[in-house]
Amino acid sequence: DVKVTQSSRYLVKRTGEKVFLECVQDMDHENMFWYRQDPGLGLRLIYFSYDVKMKEKGDIPEGYSVSREKKERFSLILESASTNQTSMYLCASSYGGMYNEQFFGPGTRLTVL
Amino acid sequence: KNEVEQSPQNLTAQEGEFITINCSYSVGISALHWLQQHPGGGIVSLFMLSSGKKKHGRLIATINIQEKHSSLHITASHPRDSAVYICAVRSYNNNDMRFGAGTRLTVKP
């Protein structure tokens, strides 16, 4: 079974803090994704990566950065957390190619106070 | 207007009922996915469709490419089917995934 894990299920941070969200997959997938999920809006893509050290902006990259130093690990970084970044963050991974089913992690519910 | 629209937003059913969740999209697609998200956040892929119909146990997914519409059906619904069901499409032009806002299904015993 494909396994995508995220470093925390729940996280509470203060405004202005630097926040790291980690995602690890064990299936040697080329592609990895970070989404945020907000009520009524569905999942929105923040960043994705199709290879080590490669990254592409998604729909809402502002306020976020990412790092992919190893194939299995994709990190989402909030340089200076703000209250409007309170959300559920979901990581996903997939093989390369057009018909690439995405496998999701359990999610991290981040609250910024 | 969202590129992927789901209806209904919320659905409450009695155990045993037949459930239908609808998804309409406005972009050309290469594939459509139905996902299930349980309380606590984990998302599981149920189906990936590019045409016709697929069945897995009590779940059936259909797609009509001409009408840009897909349905997810659950037969003999059970309380453990309670979850959020998300429709997602892969855009034909740029291969991006676009997600619906989800349908929250509650099945009462």
# chains A, B, ... in the order shown; residues from 1 in each chain; ligands from 1
$ residues_around --residues "Leu43 in chain A" --least-positions-apart "2" --cutoff "8 Å" --atoms "only C-alpha atoms" --output "list of chain:residue names"
A:Tyr35, A:Arg36, A:Gln37, A:Asp38, A:Leu41, A:Leu45, B:Arg98, B:Phe99, B:Gly100, B:Ala101
$ write_last_selection --atoms "N, CA and C atoms" --output "PDB file, in the first residue's frame"
ATOM      1  N   TYR A  35      -1.653  20.935  -0.771  1.00  0.00           N
ATOM      2  CA  TYR A  35      -2.934  21.605  -0.902  1.00  0.00           C
ATOM      3  C   TYR A  35      -3.329  22.195   0.438  1.00  0.00           C
ATOM      4  N   ARG A  36      -4.201  23.214   0.371  1.00  0.00           N
ATOM      5  CA  ARG A  36      -4.925  23.585   1.570  1.00  0.00           C
ATOM      6  C   ARG A  36      -6.412  23.411   1.283  1.00  0.00           C
ATOM      7  N   GLN A  37      -7.153  23.091   2.339  1.00  0.00           N
ATOM      8  CA  GLN A  37      -8.566  22.800   2.201  1.00  0.00           C
ATOM      9  C   GLN A  37      -9.329  23.676   3.173  1.00  0.00           C
ATOM     10  N   ASP A  38     -10.225  24.481   2.630  1.00  0.00           N
ATOM     11  CA  ASP A  38     -11.038  25.377   3.445  1.00  0.00           C
ATOM     12  C   ASP A  38     -12.509  25.130   3.138  1.00  0.00           C
ATOM     13  N   LEU A  41     -14.534  25.796  -0.252  1.00  0.00           N
ATOM     14  CA  LEU A  41     -13.606  26.120  -1.339  1.00  0.00           C
ATOM     15  C   LEU A  41     -12.962  24.885  -1.949  1.00  0.00           C
ATOM     16  N   LEU A  45      -4.424  24.077  -4.768  1.00  0.00           N
ATOM     17  CA  LEU A  45      -3.026  23.694  -4.884  1.00  0.00           C
ATOM     18  C   LEU A  45      -2.116  24.854  -4.516  1.00  0.00           C
TER      19      LEU A  45
ATOM     20  N   ARG B  98      -8.444  20.023 -10.550  1.00  0.00           N
ATOM     21  CA  ARG B  98      -9.391  21.001 -10.012  1.00  0.00           C
ATOM     22  C   ARG B  98     -10.404  20.249  -9.155  1.00  0.00           C
ATOM     23  N   PHE B  99     -10.667  20.766  -7.964  1.00  0.00           N
ATOM     24  CA  PHE B  99     -11.480  20.044  -7.004  1.00  0.00           C
ATOM     25  C   PHE B  99     -12.815  20.741  -6.767  1.00  0.00           C
ATOM     26  N   GLY B 100     -13.861  19.939  -6.601  1.00  0.00           N
ATOM     27  CA  GLY B 100     -15.118  20.465  -6.113  1.00  0.00           C
ATOM     28  C   GLY B 100     -15.027  20.715  -4.614  1.00  0.00           C
ATOM     29  N   ALA B 101     -16.021  21.421  -4.096  1.00  0.00           N
ATOM     30  CA  ALA B 101     -16.020  21.778  -2.677  1.00  0.00           C
ATOM     31  C   ALA B 101     -16.404  20.602  -1.782  1.00  0.00           C
TER      32      ALA B 101
END
$ residues_around --residues "Arg109 in chain A" --least-positions-apart "6" --cutoff "10 Å" --atoms "only C-alpha atoms" --output "list in words"
Ser8, Arg9, Tyr10, Leu11, Val12, Arg36, Gln37, Thr86, Ser87, Met88, Tyr89 and Leu90 of chain A; Gly40 and Gly41 of chain B
$ interface_residues --of "chain B" --to "chain A" --cutoff "9 Å" --atoms "only C-alpha atoms" --output "CSV table (one decimal) with C-alpha atoms, in the first residue's frame"
chain,number,residue,atom,x,y,z
B,2,ASN,CA,-16.0,27.2,-9.7
B,9,GLN,CA,-23.5,20.3,-0.5
B,30,SER,CA,-8.5,13.9,-19.4
B,31,ALA,CA,-9.8,12.2,-16.2
B,33,HIS,CA,-11.7,11.4,-9.8
B,40,GLY,CA,-10.0,13.6,10.6
B,41,GLY,CA,-8.9,14.5,7.1
B,42,GLY,CA,-7.5,11.4,5.3
B,43,ILE,CA,-8.5,11.3,1.6
B,44,VAL,CA,-8.9,8.0,-0.3
B,45,SER,CA,-9.2,7.7,-4.0
B,48,MET,CA,-10.6,7.5,-11.7
B,86,ILE,CA,-15.0,15.1,-3.5
B,90,ARG,CA,-7.7,16.7,-14.4
B,95,ASN,CA,-2.9,18.6,-16.5
B,96,ASP,CA,-3.9,20.5,-13.3
B,97,MET,CA,-6.3,19.0,-10.9
B,98,ARG,CA,-9.4,21.0,-10.0
B,99,PHE,CA,-11.5,20.0,-7.0
B,100,GLY,CA,-15.1,20.5,-6.1
B,101,ALA,CA,-16.0,21.8,-2.7
B,102,GLY,CA,-17.2,18.4,-1.6
$ residues_around --residues "Ile77 in chain A" --least-positions-apart "5" --cutoff "12 Å" --atoms "only C-alpha atoms" --output "PDB file with N, CA, C and O atoms, in the first residue's frame"
ATOM      1  N   GLU A  17       5.393  33.297  13.408  1.00  0.00           N
ATOM      2  CA  GLU A  17       6.299  32.143  13.558  1.00  0.00           C
ATOM      3  C   GLU A  17       6.585  31.522  12.196  1.00  0.00           C
ATOM      4  O   GLU A  17       5.761  31.574  11.270  1.00  0.00           O
ATOM      5  N   LYS A  18       7.734  30.885  12.086  1.00  0.00           N
ATOM      6  CA  LYS A  18       8.073  30.098  10.909  1.00  0.00           C
ATOM      7  C   LYS A  18       7.559  28.679  11.139  1.00  0.00           C
ATOM      8  O   LYS A  18       7.794  28.100  12.210  1.00  0.00           O
ATOM      9  N   VAL A  19       6.842  28.147  10.163  1.00  0.00           N
ATOM     10  CA  VAL A  19       6.202  26.849  10.333  1.00  0.00           C
ATOM     11  C   VAL A  19       6.681  25.893   9.242  1.00  0.00           C
ATOM     12  O   VAL A  19       6.743  26.267   8.066  1.00  0.00           O
ATOM     13  N   PHE A  20       7.036  24.694   9.642  1.00  0.00           N
ATOM     14  CA  PHE A  20       7.442  23.652   8.699  1.00  0.00           C
ATOM     15  C   PHE A  20       6.427  22.518   8.743  1.00  0.00           C
ATOM     16  O   PHE A  20       6.159  21.964   9.799  1.00  0.00           O
ATOM     17  N   LEU A  21       5.897  22.164   7.586  1.00  0.00           N
ATOM     18  CA  LEU A  21       5.053  20.982   7.471  1.00  0.00           C
ATOM     19  C   LEU A  21       5.790  19.980   6.589  1.00  0.00           C
ATOM     20  O   LEU A  21       6.206  20.308   5.479  1.00  0.00           O
ATOM     21  N   GLU A  22       5.934  18.777   7.114  1.00  0.00           N
ATOM     22  CA  GLU A  22       6.707  17.759   6.403  1.00  0.00           C
ATOM     23  C   GLU A  22       5.789  16.680   5.844  1.00  0.00           C
ATOM     24  O   GLU A  22       4.824  16.272   6.478  1.00  0.00           O
ATOM     25  N   CYS A  23       6.154  16.188   4.670  1.00  0.00           N
ATOM     26  CA  CYS A  23       5.407  15.106   4.033  1.00  0.00           C
ATOM     27  C   CYS A  23       6.406  14.087   3.505  1.00  0.00           C
ATOM     28  O   CYS A  23       7.384  14.460   2.865  1.00  0.00           O
ATOM     29  N   TRP A  34       1.273  19.977  -2.380  1.00  0.00           N
ATOM     30  CA  TRP A  34       0.699  20.526  -1.152  1.00  0.00           C
ATOM     31  C   TRP A  34      -0.571  21.288  -1.500  1.00  0.00           C
ATOM     32  O   TRP A  34      -0.579  22.148  -2.378  1.00  0.00           O
ATOM     33  N   ILE A  46      -1.183  24.603  -3.604  1.00  0.00           N
ATOM     34  CA  ILE A  46      -0.237  25.636  -3.183  1.00  0.00           C
ATOM     35  C   ILE A  46       1.041  25.544  -4.025  1.00  0.00           C
ATOM     36  O   ILE A  46       1.442  26.499  -4.672  1.00  0.00           O
ATOM     37  N   TYR A  47       1.672  24.396  -3.982  1.00  0.00           N
ATOM     38  CA  TYR A  47       2.887  24.118  -4.746  1.00  0.00           C
ATOM     39  C   TYR A  47       2.881  22.640  -5.121  1.00  0.00           C
ATOM     40  O   TYR A  47       2.286  21.820  -4.448  1.00  0.00           O
ATOM     41  N   PRO A  61       0.255  30.292  -4.133  1.00  0.00           N
ATOM     42  CA  PRO A  61       1.575  30.115  -3.517  1.00  0.00           C
ATOM     43  C   PRO A  61       1.981  31.233  -2.554  1.00  0.00           C
ATOM     44  O   PRO A  61       2.950  31.066  -1.800  1.00  0.00           O
ATOM     45  N   GLU A  62       1.242  32.337  -2.556  1.00  0.00           N
ATOM     46  CA  GLU A  62       1.683  33.501  -1.774  1.00  0.00           C
ATOM     47  C   GLU A  62       1.721  33.171  -0.286  1.00  0.00           C
ATOM     48  O   GLU A  62       0.769  32.646   0.276  1.00  0.00           O
ATOM     49  N   GLY A  63       2.839  33.507   0.345  1.00  0.00           N
ATOM     50  CA  GLY A  63       2.993  33.257   1.776  1.00  0.00           C
ATOM     51  C   GLY A  63       3.583  31.900   2.104  1.00  0.00           C
ATOM     52  O   GLY A  63       3.780  31.577   3.274  1.00  0.00           O
ATOM     53  N   TYR A  64       3.869  31.106   1.049  1.00  0.00           N
ATOM     54  CA  TYR A  64       4.397  29.759   1.240  1.00  0.00           C
ATOM     55  C   TYR A  64       5.660  29.564   0.412  1.00  0.00           C
ATOM     56  O   TYR A  64       5.848  30.219  -0.609  1.00  0.00           O
ATOM     57  N   SER A  65       6.504  28.656   0.863  1.00  0.00           N
ATOM     58  CA  SER A  65       7.598  28.158   0.042  1.00  0.00           C
ATOM     59  C   SER A  65       7.688  26.657   0.272  1.00  0.00           C
ATOM     60  O   SER A  65       7.051  26.124   1.182  1.00  0.00           O
ATOM     61  N   VAL A  66       8.462  25.983  -0.573  1.00  0.00           N
ATOM     62  CA  VAL A  66       8.589  24.526  -0.454  1.00  0.00           C
ATOM     63  C   VAL A  66      10.042  24.119  -0.646  1.00  0.00           C
ATOM     64  O   VAL A  66      10.862  24.876  -1.164  1.00  0.00           O
ATOM     65  N   SER A  67      10.307  22.898  -0.241  1.00  0.00           N
ATOM     66  CA  SER A  67      11.645  22.346  -0.404  1.00  0.00           C
ATOM     67  C   SER A  67      11.512  20.865  -0.704  1.00  0.00           C
ATOM     68  O   SER A  67      10.767  20.148  -0.045  1.00  0.00           O
ATOM     69  N   ARG A  68      12.283  20.420  -1.721  1.00  0.00           N
ATOM     70  CA  ARG A  68      12.309  18.981  -2.032  1.00  0.00           C
ATOM     71  C   ARG A  68      13.758  18.595  -2.293  1.00  0.00           C
ATOM     72  O   ARG A  68      14.238  18.606  -3.406  1.00  0.00           O
ATOM     73  N   GLN A  85      -3.781  31.828   7.326  1.00  0.00           N
ATOM     74  CA  GLN A  85      -3.211  30.540   6.921  1.00  0.00           C
ATOM     75  C   GLN A  85      -3.701  29.397   7.821  1.00  0.00           C
ATOM     76  O   GLN A  85      -3.247  28.255   7.674  1.00  0.00           O
ATOM     77  N   TYR A  89      -4.060  21.319   5.846  1.00  0.00           N
ATOM     78  CA  TYR A  89      -3.049  21.172   4.798  1.00  0.00           C
ATOM     79  C   TYR A  89      -2.905  19.692   4.457  1.00  0.00           C
ATOM     80  O   TYR A  89      -2.688  18.861   5.334  1.00  0.00           O
TER      81      TYR A  89
END
$ select_by_dssp --residues "chain A" --states "strand (DSSP E or B)" --output "compact mmCIF listing (two decimals) with N, CA and C atoms, in the first residue's frame"
# COMPACT_ATOMS: atom_id res chain seq x y z
N VAL A 4 1.52 7.84 2.55
CA VAL A 4 1.93 9.23 2.60
C VAL A 4 1.71 9.69 4.03
N THR A 5 2.77 10.14 4.66
CA THR A 5 2.64 10.57 6.05
C THR A 5 2.97 12.05 6.17
N GLN A 6 2.33 12.68 7.14
CA GLN A 6 2.58 14.08 7.43
C GLN A 6 3.03 14.20 8.87
N TYR A 10 -2.17 17.86 14.16
CA TYR A 10 -2.66 19.15 14.65
C TYR A 10 -1.45 20.00 15.04
N LEU A 11 -1.55 21.29 14.71
CA LEU A 11 -0.45 22.19 14.99
C LEU A 11 -1.05 23.55 15.35
N VAL A 12 -0.53 24.16 16.42
CA VAL A 12 -0.96 25.51 16.80
C VAL A 12 0.28 26.39 16.84
N LYS A 13 0.25 27.48 16.10
CA LYS A 13 1.38 28.39 16.04
C LYS A 13 0.90 29.82 16.25
N VAL A 19 6.84 28.15 10.16
CA VAL A 19 6.20 26.85 10.33
C VAL A 19 6.68 25.89 9.24
N PHE A 20 7.04 24.69 9.64
CA PHE A 20 7.44 23.65 8.70
C PHE A 20 6.43 22.52 8.74
N LEU A 21 5.90 22.16 7.59
CA LEU A 21 5.05 20.98 7.47
C LEU A 21 5.79 19.98 6.59
N GLU A 22 5.93 18.78 7.11
CA GLU A 22 6.71 17.76 6.40
C GLU A 22 5.79 16.68 5.84
N CYS A 23 6.15 16.19 4.67
CA CYS A 23 5.41 15.11 4.03
C CYS A 23 6.41 14.09 3.51
N VAL A 24 6.14 12.83 3.77
CA VAL A 24 7.01 11.75 3.30
C VAL A 24 6.16 10.68 2.63
N GLN A 25 6.62 10.20 1.46
CA GLN A 25 5.94 9.10 0.78
C GLN A 25 6.93 7.98 0.53
N ASN A 31 5.97 12.81 -8.37
CA ASN A 31 5.22 14.05 -8.11
C ASN A 31 4.79 14.14 -6.65
N MET A 32 4.90 15.32 -6.11
CA MET A 32 4.36 15.57 -4.76
C MET A 32 3.67 16.93 -4.76
N PHE A 33 2.64 17.05 -3.93
CA PHE A 33 1.75 18.21 -3.95
C PHE A 33 1.44 18.67 -2.53
N TRP A 34 1.27 19.98 -2.38
CA TRP A 34 0.70 20.53 -1.15
C TRP A 34 -0.57 21.29 -1.50
N TYR A 35 -1.65 20.94 -0.77
CA TYR A 35 -2.93 21.61 -0.90
C TYR A 35 -3.33 22.20 0.44
N ARG A 36 -4.20 23.21 0.37
CA ARG A 36 -4.92 23.58 1.57
C ARG A 36 -6.41 23.41 1.28
N GLN A 37 -7.15 23.09 2.34
CA GLN A 37 -8.57 22.80 2.20
C GLN A 37 -9.33 23.68 3.17
N ASP A 38 -10.23 24.48 2.63
CA ASP A 38 -11.04 25.38 3.45
C ASP A 38 -12.51 25.13 3.14
N GLY A 42 -13.07 23.77 -1.31
CA GLY A 42 -12.41 22.58 -1.83
C GLY A 42 -10.92 22.66 -1.63
N LEU A 43 -10.21 21.76 -2.26
CA LEU A 43 -8.75 21.74 -2.18
C LEU A 43 -8.17 22.72 -3.19
N ARG A 44 -7.20 23.48 -2.76
CA ARG A 44 -6.51 24.40 -3.64
C ARG A 44 -5.02 24.10 -3.59
N LEU A 45 -4.42 24.08 -4.77
CA LEU A 45 -3.03 23.69 -4.88
C LEU A 45 -2.12 24.85 -4.52
N ILE A 46 -1.18 24.60 -3.60
CA ILE A 46 -0.24 25.64 -3.18
C ILE A 46 1.04 25.54 -4.03
N TYR A 47 1.67 24.40 -3.98
CA TYR A 47 2.89 24.12 -4.75
C TYR A 47 2.88 22.64 -5.12
N PHE A 48 3.61 22.33 -6.18
CA PHE A 48 3.88 20.93 -6.46
C PHE A 48 5.31 20.77 -6.96
N SER A 49 5.75 19.53 -6.95
CA SER A 49 7.11 19.22 -7.37
C SER A 49 7.07 17.95 -8.19
N GLU A 56 7.00 23.93 -8.60
CA GLU A 56 6.16 24.78 -9.42
C GLU A 56 5.08 25.39 -8.55
N LYS A 57 4.75 26.65 -8.82
CA LYS A 57 3.68 27.29 -8.07
C LYS A 57 2.33 26.74 -8.50
N SER A 65 6.50 28.66 0.86
CA SER A 65 7.60 28.16 0.04
C SER A 65 7.69 26.66 0.27
N VAL A 66 8.46 25.98 -0.57
CA VAL A 66 8.59 24.53 -0.45
C VAL A 66 10.04 24.12 -0.65
N SER A 67 10.31 22.90 -0.24
CA SER A 67 11.65 22.35 -0.40
C SER A 67 11.51 20.86 -0.70
N ARG A 68 12.28 20.42 -1.72
CA ARG A 68 12.31 18.98 -2.03
C ARG A 68 13.76 18.60 -2.29
N GLU A 69 14.44 18.25 -1.21
CA GLU A 69 15.85 17.86 -1.27
C GLU A 69 16.01 16.37 -1.54
N LYS A 70 15.01 15.58 -1.17
CA LYS A 70 15.02 14.14 -1.42
C LYS A 70 13.69 13.75 -2.07
N ARG A 73 10.56 13.22 0.23
CA ARG A 73 10.18 14.23 1.23
C ARG A 73 9.88 15.56 0.56
N PHE A 74 8.75 16.17 0.94
CA PHE A 74 8.35 17.46 0.38
C PHE A 74 7.88 18.32 1.54
N SER A 75 8.56 19.44 1.75
CA SER A 75 8.26 20.28 2.90
C SER A 75 7.56 21.56 2.47
N LEU A 76 6.59 21.95 3.25
CA LEU A 76 5.89 23.23 3.04
C LEU A 76 6.32 24.16 4.17
N ILE A 77 6.69 25.39 3.80
CA ILE A 77 7.21 26.33 4.78
C ILE A 77 6.36 27.59 4.77
N LEU A 78 5.92 27.99 5.94
CA LEU A 78 5.27 29.28 6.11
C LEU A 78 6.30 30.19 6.77
N SER A 87 -5.79 26.54 8.44
CA SER A 87 -6.44 25.70 7.44
C SER A 87 -6.05 24.24 7.67
N MET A 88 -6.64 23.37 6.86
CA MET A 88 -6.19 21.98 6.78
C MET A 88 -5.22 21.88 5.60
N TYR A 89 -4.06 21.32 5.85
CA TYR A 89 -3.05 21.17 4.80
C TYR A 89 -2.91 19.69 4.46
N LEU A 90 -3.02 19.40 3.17
CA LEU A 90 -2.95 18.02 2.70
C LEU A 90 -1.82 17.87 1.72
N CYS A 91 -1.05 16.83 1.92
CA CYS A 91 0.03 16.47 1.01
C CYS A 91 -0.43 15.29 0.17
N ALA A 92 0.03 15.23 -1.07
CA ALA A 92 -0.30 14.09 -1.93
C ALA A 92 0.91 13.76 -2.78
N SER A 93 0.93 12.52 -3.28
CA SER A 93 1.99 12.13 -4.19
C SER A 93 1.42 11.27 -5.30
N SER A 94 2.15 11.20 -6.41
CA SER A 94 1.70 10.37 -7.53
C SER A 94 2.89 10.03 -8.41
N PHE A 103 -2.25 10.05 -4.20
CA PHE A 103 -2.45 9.43 -2.89
C PHE A 103 -2.21 10.49 -1.83
N PHE A 104 -3.14 10.60 -0.91
CA PHE A 104 -3.13 11.69 0.03
C PHE A 104 -2.64 11.26 1.42
N THR A 108 -2.81 17.93 7.98
CA THR A 108 -2.38 18.65 9.19
C THR A 108 -3.32 19.83 9.37
N ARG A 109 -3.99 19.85 10.51
CA ARG A 109 -4.86 20.99 10.79
C ARG A 109 -4.03 22.04 11.53
N LEU A 110 -3.75 23.14 10.86
CA LEU A 110 -2.91 24.21 11.41
C LEU A 110 -3.80 25.36 11.88
N THR A 111 -3.57 25.77 13.11
CA THR A 111 -4.24 26.95 13.66
C THR A 111 -3.18 27.99 13.96
N VAL A 112 -3.35 29.20 13.42
CA VAL A 112 -2.43 30.30 13.68
C VAL A 112 -3.17 31.33 14.53
$ residues_around --residues "Trp34 in chain B" --least-positions-apart "6" --cutoff "6 Å" --atoms "only C-alpha atoms" --output "PDB file with all heavy atoms, in the first residue's frame"
ATOM      1  N   LEU B  46     -11.414   6.868  -4.717  1.00  0.00           N
ATOM      2  CA  LEU B  46     -12.405   5.819  -4.960  1.00  0.00           C
ATOM      3  C   LEU B  46     -12.365   5.366  -6.413  1.00  0.00           C
ATOM      4  O   LEU B  46     -12.362   4.165  -6.695  1.00  0.00           O
ATOM      5  CB  LEU B  46     -13.806   6.340  -4.627  1.00  0.00           C
ATOM      6  CG  LEU B  46     -14.067   6.750  -3.181  1.00  0.00           C
ATOM      7  CD1 LEU B  46     -15.450   7.385  -3.063  1.00  0.00           C
ATOM      8  CD2 LEU B  46     -13.929   5.563  -2.248  1.00  0.00           C
ATOM      9  N   PHE B  47     -12.405   6.316  -7.326  1.00  0.00           N
ATOM     10  CA  PHE B  47     -12.460   6.002  -8.741  1.00  0.00           C
ATOM     11  C   PHE B  47     -11.670   7.023  -9.542  1.00  0.00           C
ATOM     12  O   PHE B  47     -11.572   8.184  -9.154  1.00  0.00           O
ATOM     13  CB  PHE B  47     -13.909   6.077  -9.279  1.00  0.00           C
ATOM     14  CG  PHE B  47     -14.854   5.039  -8.745  1.00  0.00           C
ATOM     15  CD1 PHE B  47     -15.786   5.386  -7.777  1.00  0.00           C
ATOM     16  CD2 PHE B  47     -14.823   3.740  -9.214  1.00  0.00           C
ATOM     17  CE1 PHE B  47     -16.661   4.439  -7.276  1.00  0.00           C
ATOM     18  CE2 PHE B  47     -15.697   2.789  -8.722  1.00  0.00           C
ATOM     19  CZ  PHE B  47     -16.618   3.138  -7.754  1.00  0.00           C
ATOM     20  N   ILE B  86     -15.566  14.014  -2.708  1.00  0.00           N
ATOM     21  CA  ILE B  86     -14.990  15.108  -3.483  1.00  0.00           C
ATOM     22  C   ILE B  86     -14.815  14.658  -4.922  1.00  0.00           C
ATOM     23  O   ILE B  86     -14.274  13.579  -5.189  1.00  0.00           O
ATOM     24  CB  ILE B  86     -13.625  15.530  -2.908  1.00  0.00           C
ATOM     25  CG1 ILE B  86     -13.786  16.000  -1.458  1.00  0.00           C
ATOM     26  CG2 ILE B  86     -12.984  16.615  -3.755  1.00  0.00           C
ATOM     27  CD1 ILE B  86     -12.459  16.181  -0.729  1.00  0.00           C
ATOM     28  N   CYS B  87     -15.276  15.500  -5.819  1.00  0.00           N
ATOM     29  CA  CYS B  87     -15.069  15.286  -7.252  1.00  0.00           C
ATOM     30  C   CYS B  87     -13.868  16.127  -7.678  1.00  0.00           C
ATOM     31  O   CYS B  87     -13.746  17.293  -7.276  1.00  0.00           O
ATOM     32  CB  CYS B  87     -16.328  15.720  -7.998  1.00  0.00           C
ATOM     33  SG  CYS B  87     -16.205  15.730  -9.785  1.00  0.00           S
TER      34      CYS B  87
END
$ residues_around --residues "Glu67 in chain B" --least-positions-apart "3" --cutoff "12 Å" --atoms "only C-alpha atoms" --output "PyMOL selection string"
chain B and resi 23-28+51+62-64+70-71
$ atom_distance --atom1 "CA of Ile65 in chain B" --atom2 "CA of Lys53 in chain B"
11.4 Å
$ residues_around --residues "Leu59 in chain B" --least-positions-apart "5" --cutoff "9 Å" --atoms "only C-alpha atoms" --output "compact mmCIF listing (two decimals) with N, CA and C atoms, in the first residue's frame"
# COMPACT_ATOMS: atom_id res chain seq x y z
N LEU B 46 -11.41 6.87 -4.72
CA LEU B 46 -12.41 5.82 -4.96
C LEU B 46 -12.36 5.37 -6.41
N LYS B 54 -17.83 2.82 -13.74
CA LYS B 54 -17.02 1.88 -12.97
C LYS B 54 -17.78 1.50 -11.72
N LEU B 72 -21.82 9.90 -8.62
CA LEU B 72 -21.37 8.83 -7.74
C LEU B 72 -22.60 8.29 -7.02
N HIS B 73 -22.82 6.99 -7.15
CA HIS B 73 -23.97 6.35 -6.51
C HIS B 73 -23.48 5.40 -5.42
N ILE B 74 -24.22 5.37 -4.34
CA ILE B 74 -23.97 4.39 -3.28
C ILE B 74 -25.25 3.60 -3.07
N THR B 75 -25.17 2.31 -3.26
CA THR B 75 -26.35 1.46 -3.04
C THR B 75 -26.32 0.92 -1.61
$ atom_distance --atom1 "CA of Ser91 in chain B" --atom2 "CA of Gly52 in chain B"
18.1 Å
$ residues_around --residues "Pro109 in chain B" --least-positions-apart "5" --cutoff "10 Å" --atoms "only C-alpha atoms" --output "ChimeraX atom specification"
/B:13-16,77-80
$ atom_distance --atom1 "CA of Ala61 in chain B" --atom2 "CA of Glu5 in chain B"
16.1 Å
